[in-house]
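Trainee: Got a structure for you, structure26.txt, holding compact mmCIF, C-alpha atoms and all ligand atoms.
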# COMPACT_ATOMS: atom_id res chain seq x y z
CA MET A 247 -57.98 -23.99 3.27
CA ALA A 248 -55.06 -26.28 4.07
CA VAL A 249 -52.98 -25.07 7.00
CA GLU A 250 -49.42 -24.78 5.78
CA PHE A 251 -47.65 -24.84 9.14
CA PRO A 252 -48.75 -26.65 12.26
CA ILE A 253 -50.18 -24.72 15.16
CA LEU A 254 -48.18 -25.27 18.30
CA SER A 255 -49.75 -27.02 21.25
CA GLU A 256 -50.32 -25.47 24.65
CA ARG A 257 -47.06 -26.81 26.03
CA LEU A 258 -45.24 -23.81 24.59
CA GLY A 259 -47.13 -21.50 26.91
CA THR A 260 -48.69 -18.15 26.24
CA THR A 261 -48.80 -17.03 22.64
CA PRO A 262 -46.82 -13.82 22.13
CA ARG A 263 -49.35 -11.33 20.91
CA ILE A 264 -48.82 -9.38 17.72
CA THR A 265 -48.57 -5.83 19.01
CA SER A 266 -48.24 -3.86 15.80
CA LEU A 267 -48.59 -4.17 12.04
CA LEU A 268 -46.43 -2.88 9.26
CA ILE A 269 -48.75 -2.80 6.25
CA LYS A 270 -47.53 -2.57 2.67
CA PRO A 271 -50.48 -1.47 0.50
CA ALA A 272 -48.28 -1.29 -2.62
CA SER A 273 -45.89 -4.05 -1.49
CA ALA A 274 -42.23 -3.27 -2.24
CA VAL A 275 -43.13 -1.23 -5.34
CA CYS A 276 -41.75 2.31 -5.29
CA ASN A 277 -41.80 5.43 -7.47
CA LEU A 278 -38.09 5.99 -6.73
CA ASP A 279 -34.99 4.01 -7.55
CA CYS A 280 -32.64 4.65 -4.64
CA ALA A 281 -29.25 3.05 -5.21
CA TYR A 282 -29.20 1.29 -1.86
CA CYS A 283 -32.79 -0.03 -1.72
CA PHE A 284 -32.89 -3.69 -0.70
CA TYR A 285 -36.56 -4.29 -1.49
CA LEU A 286 -36.87 -4.83 -5.21
CA ASP A 287 -34.85 -7.18 -7.42
CA ARG A 288 -34.27 -9.48 -4.48
CA GLU A 289 -34.02 -13.11 -5.46
CA ALA A 290 -36.11 -14.01 -2.42
CA ASP A 291 -38.96 -11.54 -3.27
CA PRO A 292 -42.04 -13.80 -3.35
CA TYR A 293 -43.88 -11.38 -5.66
CA SER A 294 -41.13 -10.62 -8.18
CA ALA A 295 -43.35 -11.73 -11.09
CA LEU A 296 -45.96 -9.08 -10.19
CA PRO A 297 -44.93 -5.56 -11.31
CA ALA A 298 -48.16 -3.90 -10.10
CA ARG A 299 -49.21 -4.72 -6.56
CA ARG A 300 -52.09 -3.02 -4.74
CA MET A 301 -54.15 -4.02 -1.76
CA THR A 302 -57.76 -4.68 -2.79
CA GLU A 303 -60.75 -3.21 -0.94
CA GLU A 304 -61.71 -6.71 0.23
CA THR A 305 -58.29 -7.39 1.78
CA LEU A 306 -58.23 -3.94 3.36
CA GLU A 307 -61.64 -4.42 4.95
CA ARG A 308 -60.80 -7.90 6.21
CA LEU A 309 -57.51 -6.59 7.63
CA VAL A 310 -59.10 -3.63 9.44
CA ASP A 311 -62.11 -5.55 10.73
CA THR A 312 -60.14 -8.51 12.10
CA TYR A 313 -57.21 -6.54 13.50
CA LEU A 314 -59.44 -4.07 15.34
CA PHE A 315 -61.12 -7.05 16.97
CA TYR A 316 -57.83 -8.79 17.83
CA SER A 317 -56.00 -5.73 19.14
CA TYR A 318 -58.82 -4.07 21.13
CA PRO A 319 -58.58 -1.64 22.93
CA ASN A 320 -55.35 -0.15 21.43
CA SER A 321 -54.75 -0.64 17.73
CA THR A 322 -51.80 0.66 15.74
CA PHE A 323 -51.62 0.61 11.95
CA ALA A 324 -48.30 1.59 10.33
CA PHE A 325 -47.96 1.85 6.56
CA GLN A 326 -44.76 1.46 4.64
CA GLY A 327 -43.50 0.24 1.28
CA GLY A 328 -41.92 0.38 -1.18
CA GLU A 329 -43.88 3.60 -1.25
CA PRO A 330 -47.30 3.50 0.45
CA THR A 331 -48.57 6.76 -1.08
CA LEU A 332 -48.73 4.90 -4.41
CA ALA A 333 -51.98 3.47 -3.05
CA GLY A 334 -53.46 6.98 -3.42
CA PRO A 335 -55.26 9.26 -0.92
CA ALA A 336 -58.56 7.47 -1.57
CA PHE A 337 -56.98 4.42 0.08
CA LEU A 338 -56.37 6.43 3.24
CA GLU A 339 -59.95 7.75 3.24
CA ARG A 340 -61.34 4.26 2.78
CA LEU A 341 -59.12 2.91 5.56
CA VAL A 342 -60.25 5.53 8.07
CA LYS A 343 -63.89 4.93 7.12
CA LEU A 344 -63.42 1.22 7.79
CA GLN A 345 -61.73 1.91 11.12
CA ILE A 346 -64.70 4.07 12.16
CA GLN A 347 -67.16 1.47 10.90
CA HIS A 348 -65.55 -1.55 12.59
CA GLY A 349 -64.03 0.05 15.72
CA ARG A 350 -65.72 -0.49 19.05
CA ASN A 351 -66.62 2.01 21.76
CA GLY A 352 -63.55 3.04 23.73
CA GLN A 353 -61.14 1.72 21.10
CA SER A 354 -58.05 3.84 20.49
CA VAL A 355 -56.69 3.65 16.93
CA SER A 356 -53.50 5.27 15.72
CA ASN A 357 -52.12 5.48 12.20
CA ALA A 358 -48.64 6.19 10.92
CA MET A 359 -46.98 6.21 7.53
CA GLN A 360 -43.38 6.09 6.38
CA THR A 361 -43.01 7.82 3.01
CA ASN A 362 -40.34 9.12 0.66
CA GLY A 363 -42.44 12.32 0.57
CA VAL A 364 -42.32 12.84 -3.18
CA LEU A 365 -46.07 12.54 -3.79
CA LEU A 366 -47.21 14.55 -0.77
CA ASP A 367 -49.55 17.38 -1.68
CA ASP A 368 -52.38 19.40 -0.11
CA ARG A 369 -54.85 16.54 -0.34
CA TRP A 370 -52.58 14.06 1.43
CA CYS A 371 -51.58 16.58 4.09
CA GLU A 372 -55.18 17.67 4.76
CA LEU A 373 -56.08 14.03 5.36
CA PHE A 374 -53.04 13.42 7.59
CA LYS A 375 -53.99 16.43 9.66
CA GLN A 376 -57.70 15.69 9.76
CA PHE A 377 -57.15 12.12 10.99
CA ASN A 378 -54.12 12.87 13.12
CA TRP A 379 -51.62 10.62 11.33
CA LEU A 380 -47.95 10.56 12.31
CA ILE A 381 -45.69 10.73 9.25
CA GLY A 382 -42.10 9.59 8.90
CA ILE A 383 -40.25 11.20 6.04
CA SER A 384 -37.16 9.63 4.47
CA ILE A 385 -34.48 12.25 4.11
CA ASP A 386 -30.74 11.63 4.12
CA GLY A 387 -29.49 15.21 4.62
CA PRO A 388 -28.92 18.40 2.64
CA GLU A 389 -29.35 18.27 -1.17
CA PRO A 390 -25.92 16.97 -2.31
CA VAL A 391 -25.92 14.31 0.39
CA HIS A 392 -29.51 13.17 -0.14
CA ASP A 393 -29.25 13.15 -3.93
CA LEU A 394 -26.16 10.97 -4.01
CA TYR A 395 -28.22 7.78 -3.65
CA ARG A 396 -31.89 8.77 -3.50
CA PHE A 397 -33.01 9.31 -7.08
CA ASN A 398 -36.08 8.71 -9.23
CA LYS A 399 -36.52 6.22 -12.06
CA GLN A 400 -34.89 8.69 -14.46
CA GLY A 401 -31.83 8.95 -12.23
CA ALA A 402 -32.59 12.52 -11.10
CA GLY A 403 -32.21 13.68 -7.48
CA THR A 404 -35.34 13.81 -5.33
CA TRP A 405 -34.35 16.25 -2.57
CA ARG A 406 -36.31 19.21 -3.98
CA LYS A 407 -39.53 17.17 -4.15
CA VAL A 408 -39.00 15.81 -0.64
CA MET A 409 -38.56 19.36 0.64
CA ASN A 410 -41.82 20.35 -1.08
CA GLY A 411 -43.45 17.51 0.85
CA VAL A 412 -41.90 18.76 4.10
CA GLU A 413 -43.13 22.31 3.42
CA CYS A 414 -46.60 21.00 2.65
CA MET A 415 -46.75 19.05 5.92
CA LYS A 416 -45.58 22.11 7.84
CA LYS A 417 -48.22 24.27 6.14
CA HIS A 418 -50.97 21.89 7.24
CA GLY A 419 -49.58 21.30 10.74
CA VAL A 420 -48.96 17.58 10.15
CA GLU A 421 -46.90 15.84 12.82
CA PHE A 422 -43.80 14.32 11.22
CA ASN A 423 -40.37 12.96 11.98
CA ALA A 424 -37.31 11.92 9.99
CA LEU A 425 -35.90 8.59 8.96
CA CYS A 426 -32.34 9.01 7.78
CA VAL A 427 -30.39 6.19 6.14
CA LEU A 428 -26.70 6.25 7.05
CA SER A 429 -24.61 5.51 3.97
CA GLN A 430 -21.17 6.52 2.74
CA ALA A 431 -22.86 9.79 1.67
CA ASN A 432 -23.48 11.02 5.21
CA VAL A 433 -21.97 8.76 7.87
CA GLU A 434 -19.00 11.08 8.34
CA LYS A 435 -21.19 14.18 8.57
CA ALA A 436 -22.88 13.67 11.93
CA GLY A 437 -22.89 17.36 12.85
CA GLU A 438 -24.06 18.59 9.44
CA LEU A 439 -26.83 16.02 9.41
CA TYR A 440 -28.04 16.77 12.92
CA ARG A 441 -28.07 20.53 12.33
CA PHE A 442 -29.84 20.12 8.99
CA LEU A 443 -32.63 17.97 10.43
CA ARG A 444 -33.03 20.30 13.39
CA SER A 445 -33.21 23.29 10.99
CA LEU A 446 -36.31 21.66 9.47
CA GLY A 447 -37.93 21.73 12.89
CA ILE A 448 -37.61 17.95 13.27
CA ASP A 449 -37.26 16.78 16.85
CA TYR A 450 -37.60 13.04 16.40
CA ILE A 451 -34.93 11.31 14.32
CA GLN A 452 -34.35 7.71 13.43
CA TYR A 453 -31.00 6.76 11.89
CA ILE A 454 -30.82 3.49 9.95
CA PRO A 455 -27.32 2.09 9.29
CA LEU A 456 -26.88 0.65 5.81
CA SER A 457 -25.26 -2.73 5.29
CA GLU A 458 -25.74 -4.46 1.97
CA PHE A 459 -23.36 -7.00 0.42
CA ASP A 460 -22.88 -8.63 -2.96
CA GLY A 461 -23.17 -12.36 -3.56
CA LEU A 462 -19.54 -12.84 -2.59
CA GLY A 463 -20.06 -11.13 0.74
CA GLN A 464 -18.28 -7.93 -0.30
CA PRO A 465 -19.79 -4.65 0.97
CA LEU A 466 -21.59 -2.61 -1.69
CA PRO A 467 -20.08 0.89 -2.15
CA PHE A 468 -22.66 2.70 0.00
CA THR A 469 -22.38 0.24 2.93
CA ILE A 470 -20.87 1.78 6.04
CA THR A 471 -18.32 0.14 8.33
CA PRO A 472 -19.12 -0.65 11.97
CA GLU A 473 -16.41 1.80 13.04
CA GLN A 474 -17.97 4.61 10.97
CA TYR A 475 -21.37 3.88 12.47
CA GLY A 476 -19.96 3.81 16.00
CA GLN A 477 -18.17 7.11 15.47
CA PHE A 478 -21.35 8.63 14.01
CA LEU A 479 -23.41 7.56 17.02
CA CYS A 480 -20.83 8.90 19.49
CA GLU A 481 -20.65 12.30 17.77
CA THR A 482 -24.42 12.50 17.52
CA PHE A 483 -24.75 11.62 21.20
CA ASP A 484 -22.55 14.60 22.12
CA LEU A 485 -24.65 16.92 19.97
CA TRP A 486 -27.89 15.54 21.31
CA TRP A 487 -27.07 15.39 25.02
CA PRO A 488 -27.54 19.12 25.81
CA GLU A 489 -30.94 19.06 24.04
CA ARG A 490 -32.03 15.60 25.16
CA ARG A 491 -35.30 16.93 26.58
CA LYS A 492 -36.26 18.59 23.31
CA VAL A 493 -34.96 16.13 20.73
CA ARG A 494 -35.51 12.41 20.48
CA ILE A 495 -33.06 10.11 18.74
CA ARG A 496 -34.72 6.75 18.51
CA TYR A 497 -31.67 4.63 19.28
CA PHE A 498 -30.74 6.64 22.37
CA ASP A 499 -34.36 6.54 23.54
CA ASN A 500 -34.30 2.78 23.13
CA ILE A 501 -31.14 2.36 25.20
CA ALA A 502 -32.71 4.50 27.95
CA GLU A 503 -35.92 2.43 27.79
CA ALA A 504 -33.89 -0.77 28.21
CA LEU A 505 -32.01 0.75 31.17
CA ALA A 506 -35.32 1.75 32.73
CA GLY A 507 -36.49 -1.87 32.53
CA GLN A 508 -39.04 -1.14 29.81
CA LYS A 509 -39.42 -2.90 26.48
CA PRO A 510 -37.55 -0.68 23.99
CA GLY A 511 -39.49 0.71 21.02
CA SER A 512 -37.15 -0.88 18.51
CA CYS A 513 -37.18 -4.63 17.90
CA THR A 514 -33.40 -4.62 17.48
CA LEU A 515 -33.06 -4.40 21.27
CA HIS A 516 -35.70 -7.02 22.05
CA GLU A 517 -34.92 -10.50 23.32
CA THR A 518 -36.88 -12.15 20.51
CA CYS A 519 -38.15 -11.15 17.06
CA ASP A 520 -41.91 -11.33 17.55
CA SER A 521 -43.26 -7.89 18.38
CA TYR A 522 -44.68 -6.98 14.99
CA VAL A 523 -45.63 -8.54 11.67
CA VAL A 524 -45.63 -7.34 8.08
CA VAL A 525 -48.85 -7.48 6.06
CA GLU A 526 -48.30 -7.59 2.32
CA PHE A 527 -50.65 -6.11 -0.32
CA ASN A 528 -52.44 -9.48 -0.78
CA GLY A 529 -52.86 -10.18 2.95
CA ASP A 530 -49.82 -12.46 3.33
CA VAL A 531 -48.16 -12.06 6.73
CA TYR A 532 -44.43 -12.28 7.55
CA PRO A 533 -42.51 -11.88 10.83
CA CYS A 534 -40.17 -9.06 9.72
CA ASP A 535 -39.73 -6.61 6.87
CA PHE A 536 -36.23 -7.98 6.20
CA PHE A 537 -37.62 -11.49 5.81
CA VAL A 538 -40.53 -11.17 3.38
CA GLU A 539 -39.59 -14.52 1.91
CA LYS A 540 -41.62 -17.60 1.00
CA ASP A 541 -40.03 -19.68 3.74
CA TRP A 542 -41.07 -17.24 6.46
CA LYS A 543 -44.71 -16.69 5.45
CA LEU A 544 -46.95 -16.99 8.52
CA GLY A 545 -50.37 -16.98 6.89
CA ASN A 546 -52.88 -14.71 5.18
CA VAL A 547 -55.40 -12.38 6.80
CA ASN A 548 -58.04 -13.23 4.21
CA PHE A 549 -58.24 -16.84 5.37
CA GLU A 550 -56.96 -17.06 8.92
CA SER A 551 -57.53 -15.37 12.25
CA TRP A 552 -54.86 -13.25 13.97
CA ALA A 553 -54.78 -15.73 16.83
CA GLU A 554 -53.97 -18.55 14.39
CA ILE A 555 -51.29 -16.49 12.66
CA ALA A 556 -49.76 -15.47 16.01
CA ARG A 557 -49.48 -19.14 17.01
CA ARG A 558 -47.76 -20.37 13.86
CA GLN A 559 -44.78 -22.52 14.66
CA ARG A 560 -42.80 -20.58 12.09
CA ARG A 561 -43.34 -17.44 14.12
CA TYR A 562 -41.79 -19.10 17.15
CA GLN A 563 -38.95 -20.38 15.00
CA PHE A 564 -38.25 -16.91 13.67
CA ALA A 565 -38.53 -15.30 17.10
CA ALA A 566 -36.10 -17.83 18.54
CA LYS A 567 -33.37 -17.09 15.97
CA LYS A 568 -32.26 -14.18 18.05
CA THR A 569 -31.97 -16.19 21.23
CA ILE A 570 -29.07 -18.26 19.90
CA ALA A 571 -26.42 -15.97 21.31
CA HIS A 572 -23.07 -15.71 19.59
CA PRO A 573 -20.20 -16.72 21.95
CA GLU A 574 -19.06 -13.09 22.04
CA CYS A 575 -22.56 -11.95 23.06
CA GLN A 576 -22.70 -14.57 25.82
CA VAL A 577 -19.85 -12.84 27.65
CA CYS A 578 -20.68 -9.29 26.59
CA GLU A 579 -21.41 -6.78 29.36
CA TYR A 580 -24.05 -5.17 27.14
CA GLN A 581 -25.97 -8.34 26.28
CA ALA A 582 -28.88 -7.38 28.58
CA ILE A 583 -29.43 -4.22 26.53
CA CYS A 584 -28.36 -5.34 23.09
CA HIS A 585 -29.54 -8.96 22.95
CA GLY A 586 -27.17 -9.62 20.08
CA GLY A 587 -28.50 -6.90 17.75
CA CYS A 588 -30.60 -7.71 14.69
CA PRO A 589 -30.64 -11.08 12.89
CA LYS A 590 -30.67 -9.16 9.61
CA HIS A 591 -27.24 -7.83 10.49
CA ARG A 592 -26.21 -11.20 11.86
CA HIS A 593 -26.83 -12.40 8.32
CA ASP A 594 -24.36 -9.89 6.97
CA PRO A 595 -22.41 -10.63 4.93
CA GLY A 596 -22.69 -14.40 4.78
CA ARG A 597 -26.43 -14.91 5.56
CA ASN A 598 -25.89 -16.99 8.66
CA PHE A 599 -28.04 -16.50 11.76
CA GLN A 600 -25.15 -17.76 13.89
CA ASP A 601 -22.86 -14.87 12.96
CA LEU A 602 -22.09 -11.89 15.16
CA ASP A 603 -24.06 -8.74 14.26
CA TYR A 604 -22.09 -6.85 11.60
CA PHE A 605 -22.45 -3.62 13.64
CA CYS A 606 -21.31 -5.11 16.98
CA THR A 607 -18.25 -2.83 17.15
CA ALA A 608 -20.51 0.22 16.71
CA TYR A 609 -22.85 -0.93 19.46
CA LYS A 610 -19.97 -1.38 21.87
CA MET A 611 -18.63 2.10 21.03
CA ILE A 612 -21.93 3.81 21.78
CA TYR A 613 -22.77 1.68 24.83
CA ARG A 614 -19.35 2.51 26.29
CA LYS A 615 -20.11 6.18 25.85
CA ALA A 616 -23.85 6.40 26.49
CA VAL A 617 -24.83 3.77 29.03
CA GLU A 618 -23.43 5.47 32.13
CA PRO A 619 -24.89 8.96 31.54
CA LEU A 620 -28.20 7.49 30.41
CA LYS A 621 -28.30 5.22 33.43
CA LYS A 622 -27.77 8.21 35.74
CA GLU A 623 -30.50 10.13 33.91
CA VAL A 624 -32.92 7.21 34.19
CA GLU A 625 -32.14 6.77 37.88
CA ARG A 626 -32.72 10.43 38.48
CA LEU A 627 -36.04 10.42 36.63
CA THR A 628 -37.33 7.24 38.20
CA GLY A 629 -36.11 8.09 41.69
CA ARG A 630 -34.20 4.79 41.87
CA HIS A 631 -31.05 6.37 43.29
CA ARG A 632 -33.08 7.55 46.30
CA THR A 633 -34.52 4.07 46.82
CA ALA A 634 -31.02 2.59 46.62
CA ALA A 635 -29.66 5.15 49.09
CA LYS A 636 -32.43 4.42 51.62
CA ALA A 637 -32.00 0.64 51.43
S1 LIG B 1 -34.66 -9.44 12.31
FE1 LIG B 1 -34.04 -7.41 13.07
S2 LIG B 1 -35.59 -6.02 12.16
FE2 LIG B 1 -36.40 -8.11 12.02
S3 LIG B 1 -37.69 -8.37 13.87
FE3 LIG B 1 -35.62 -9.17 14.33
S4 LIG B 1 -34.53 -7.44 15.27
FE4 LIG B 1 -36.33 -6.61 14.22
S1 LIG B 2 -22.59 -5.46 21.68
FE1 LIG B 2 -21.92 -7.06 20.24
S2 LIG B 2 -21.20 -8.75 21.56
FE2 LIG B 2 -22.45 -7.36 22.83
S3 LIG B 2 -24.50 -8.27 22.77
FE3 LIG B 2 -24.39 -6.69 21.16
S4 LIG B 2 -23.82 -7.79 19.29
FE4 LIG B 2 -23.34 -9.15 21.04
Here is the file; what I need is its structure written in the form of structure tokens.

Mentor:
Amino acid sequence: MAVEFPILSERLGTTPRITSLLIKPASAVCNLDCAYCFYLDREADPYSALPARRMTEETLERLVDTYLFYSYPNSTFAFQGGEPTLAGPAFLERLVKLQIQHGRNGQSVSNAMQTNGVLLDDRWCELFKQFNWLIGISIDGPEPVHDLYRFNKQGAGTWRKVMNGVECMKKHGVEFNALCVLSQANVEKAGELYRFLRSLGIDYIQYIPLSEFDGLGQPLPFTITPEQYGQFLCETFDLWWPERRKVRIRYFDNIAEALAGQKPGSCTLHETCDSYVVVEFNGDVYPCDFFVEKDWKLGNVNFESWAEIARRQRRYQFAAKKTIAHPECQVCEYQAICHGGCPKHRHDPGRNFQDLDYFCTAYKMIYRKAVEPLKKEVERLTGRHRTAAKA
């Protein structure tokens, strides 16, 4: 097969390894029709002419076999969509069988899935429990909040069905956490949201701020402002702080990780965009879920090795986008934590990598509030204050 992009020579140094996969067995196809979803109907969607998209058994086997080899001894498979449960529970069974068949002695394999929860039933939950999957459930808050934007193809709310899924996971003892999109429906309800998610027994929460714009660069009605997001984070921080040992809020964890000198879990706080890749239903690979676009395709697992894909020049080009710091970031006291935010948000609203991250104001608000107490906490836990005192 013709190689589409050149492979870089040794002069660029060590190839950044691909450390995790985000796999889309049903591509961007979903059983819901949430008002704010950015996946479908995108002009740049490379598969827009294909209404039905499913990963074949051949692609699945090739993916599992080659990635287990490449990522030995620790392999992480994360499934997302669209809606990954559209692939059916038999897909999960087949996947686990292949992992057992192709895994090597001593290999640790973990699986996770992000789902809207609507199709979860006893069969799914038994499998999640049996194979120890970690599940992320998309839930935006109590019923009136959630149902404002998250509806099915008929325009009906989905909260009740999501709650059935939550109950089913609880019944089977499945480990799960929450992914909550912050829109105009809930961004001013930090306390209500936090208490609601905690009332479901959820102790790991990821908030995703929503920023979508029309072709003229105007915010769509559900898009939140940077000030709203900043205020939300500050209020949530106050609620979370007394229970910080029991509850994990991904963004606060990530700031603490950065302060502790570790690589944060979220790519938004990384120096470059190259920690994970997206694998589409047909094996095509892209550097980021926000950039599943023809111009950013890195290769295909059916025809190329992971080492070849990892070394694609386009991957370096994408990774480097984030390193072109905006003048405001160059003099920002938080640059070493923030690294300029996320290029997706730097695109907002004018699709220009050179722009400042749309949510910069929010980041500064929460850093101003959270960095000092988190730094003290990290120093206390790592014993660094004692080392500093002795020196
Ligand atoms: S563009 Fe944003 S979401 Fe994508 S890899 Fe970079 S930081 Fe992560
Ligand atoms: S807080 Fe704003 S100015 Fe500072 S690094 Fe982040 S995006 Fe740049």

Trainee: For ligand LIG 2 (chain B), list the contacting residues at 9 Å or closer, counting all atoms listed in the file, as an NGL selection string.

Mentor: :A and (515 or 571-588 or 592 or 602-611 or 613)

Trainee: A:His392, A:His591, A:Lys416, A:Arg496: which is nearest ligand LIG 1 (chain B), counting all atoms listed in the file?

Mentor: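 So, comparing all the options, the nearest one is A:His591.
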
Trainee: Could the residues that lie within 8 Å of ligand LIG 1 (chain B), counting only C-alpha atoms and all ligand atoms, be listed as an mmCIF file with C-alpha atoms, in the frame of the given file?

Mentor:
data_model
loop_
_atom_site.group_PDB
_atom_site.id
_atom_site.type_symbol
_atom_site.label_atom_id
_atom_site.label_comp_id
_atom_site.auth_asym_id
_atom_site.auth_seq_id
_atom_site.Cartn_x
_atom_site.Cartn_y
_atom_site.Cartn_z
ATOM 1 C CA SER A 512 -37.150 -0.880 18.510
ATOM 2 C CA CYS A 513 -37.180 -4.630 17.900
ATOM 3 C CA THR A 514 -33.400 -4.620 17.480
ATOM 4 C CA LEU A 515 -33.060 -4.400 21.270
ATOM 5 C CA HIS A 516 -35.700 -7.020 22.050
ATOM 6 C CA THR A 518 -36.880 -12.150 20.510
ATOM 7 C CA CYS A 519 -38.150 -11.150 17.060
ATOM 8 C CA ASP A 520 -41.910 -11.330 17.550
ATOM 9 C CA SER A 521 -43.260 -7.890 18.380
ATOM 10 C CA TYR A 522 -44.680 -6.980 14.990
ATOM 11 C CA PRO A 533 -42.510 -11.880 10.830
ATOM 12 C CA CYS A 534 -40.170 -9.060 9.720
ATOM 13 C CA ASP A 535 -39.730 -6.610 6.870
ATOM 14 C CA PHE A 536 -36.230 -7.980 6.200
ATOM 15 C CA PHE A 537 -37.620 -11.490 5.810
ATOM 16 C CA ALA A 565 -38.530 -15.300 17.100
ATOM 17 C CA LYS A 568 -32.260 -14.180 18.050
ATOM 18 C CA GLY A 587 -28.500 -6.900 17.750
ATOM 19 C CA CYS A 588 -30.600 -7.710 14.690
ATOM 20 C CA PRO A 589 -30.640 -11.080 12.890
ATOM 21 C CA LYS A 590 -30.670 -9.160 9.610
ATOM 22 C CA HIS A 591 -27.240 -7.830 10.490
#

Trainee: Given only C-alpha atoms as the basis, pick out the residue of A:Gly387, A:Gly529, A:Gly629, A:Pro510 nearest to Cys426 (chain A).

Mentor: A:Gly387

Trainee: Have a look at A:Lys270, A:Glu372, A:Val310, A:Leu443 and name the one nearest to Met359 (chain A); count all atoms listed in the file.

Mentor: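 Closest candidate: A:Lys270.
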
Trainee: Write out as a list in words which residues come within 8 Å of region 367-370 of chain A when counting all atoms listed in the file, dropping same-chain ones fewer than 4 positions away.

Mentor: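 Contacts, in chain order: Pro335, Phe374, Gly411, Cys414 and His418 of chain A.
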
Trainee: Write out as a ChimeraX atom specification which residues come within 12 Å of Ala402 (chain A) when counting only C-alpha atoms, dropping same-chain ones fewer than 3 positions away.

Mentor: /A:278-281,389-390,392-399,405-407

Trainee: How many Å lie between CA of Ala553 (chain A) and CA of Tyr316 (chain A), rounded to one decimal?

Mentor: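 Going from CA of Ala553 (chain A) over to CA of Tyr316 (chain A), I get 7.6 Å.
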
Trainee: Which residue out of A:Leu485, A:Leu267, A:Ser429, A:Thr569 has the minimum interatomic distance to Leu466 (chain A) when all atoms listed in the file are used?

Mentor: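 Of A:Leu485, A:Leu267, A:Ser429, A:Thr569, the one nearest Leu466 (chain A) is A:Ser429, counting all atoms listed in the file.
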
Trainee: Can you tell me how far CA of Pro330 (chain A) sits from CA of Gln360 (chain A), in Å to one decimal?

Mentor: 7.6 Å

Trainee: Let me make sure I understand: among A:Ala436, A:Val624, A:Val538, A:Met415, which one has the smallest atom-to-atom distance to Gln508 (chain A) if we use only C-alpha atoms?

Mentor: A:Val624

Trainee: Point out the residue among A:Tyr532, A:Ile470, A:Val525, A:Ala506 with the least atom-to-atom distance to Arg626 (chain A), counting all atoms listed in the file.

Mentor: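 Among A:Tyr532, A:Ile470, A:Val525, A:Ala506, it is A:Ala506 that comes nearest to Arg626 (chain A).
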
Trainee: Put the listed atoms of region 266-270 of chain A in a box along x, y and z with 5 Å added on every side and give me the centre and edge lengths in Å to one decimal, as JSON.

Mentor:
{"center_x": -47.6, "center_y": -3.4, "center_z": 9.2, "size_x": 12.3, "size_y": 11.6, "size_z": 23.1}

Trainee: Kindly give the distance, in Å, that separates CA of Glu421 (chain A) and CA of Arg490 (chain A), rounded to a single decimal.

Mentor: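 Separation between CA of Glu421 (chain A) and CA of Arg490 (chain A): 19.3 Å.
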
Trainee: Give as a ChimeraX atom specification the set of residues within 8 Å of the point (-48.3, 16.1, 13.4), where distances use the file's coordinates and all atoms listed in the file.

Mentor: /A:374-375,378-381,419-422

Trainee: Would you write out those residues with C-alpha atoms, as a short mmCIF file (atom, residue, chain, number, x, y, z; two decimals), in the frame of the given file?

Mentor:
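Result file part_20.cif:
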data_model
loop_
_atom_site.label_atom_id
_atom_site.label_comp_id
_atom_site.auth_asym_id
_atom_site.auth_seq_id
_atom_site.Cartn_x
_atom_site.Cartn_y
_atom_site.Cartn_z
CA PHE A 374 -53.04 13.42 7.59
CA LYS A 375 -53.99 16.43 9.66
CA ASN A 378 -54.12 12.87 13.12
CA TRP A 379 -51.62 10.62 11.33
CA LEU A 380 -47.95 10.56 12.31
CA ILE A 381 -45.69 10.73 9.25
CA GLY A 419 -49.58 21.30 10.74
CA VAL A 420 -48.96 17.58 10.15
CA GLU A 421 -46.90 15.84 12.82
CA PHE A 422 -43.80 14.32 11.22
#

Trainee: I'd like the contact shell of Ser384 (chain A) - 6 Å cut-off, all atoms listed in the file, skipping same-chain residues fewer than 5 positions apart - returned as a list in words.

Mentor: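 Returned residues: Asn362, Ala424, Leu425 and Cys426 of chain A.
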
Trainee: Is there a way to get, as a PyMOL selection string, all residues within 9 Å of the point (-51.2, -0.2, -0.7) in file coordinates, counting all atoms listed in the file?

Mentor: chain A and resi 269-273+299-302+306+325-327+329-334+337+526-527
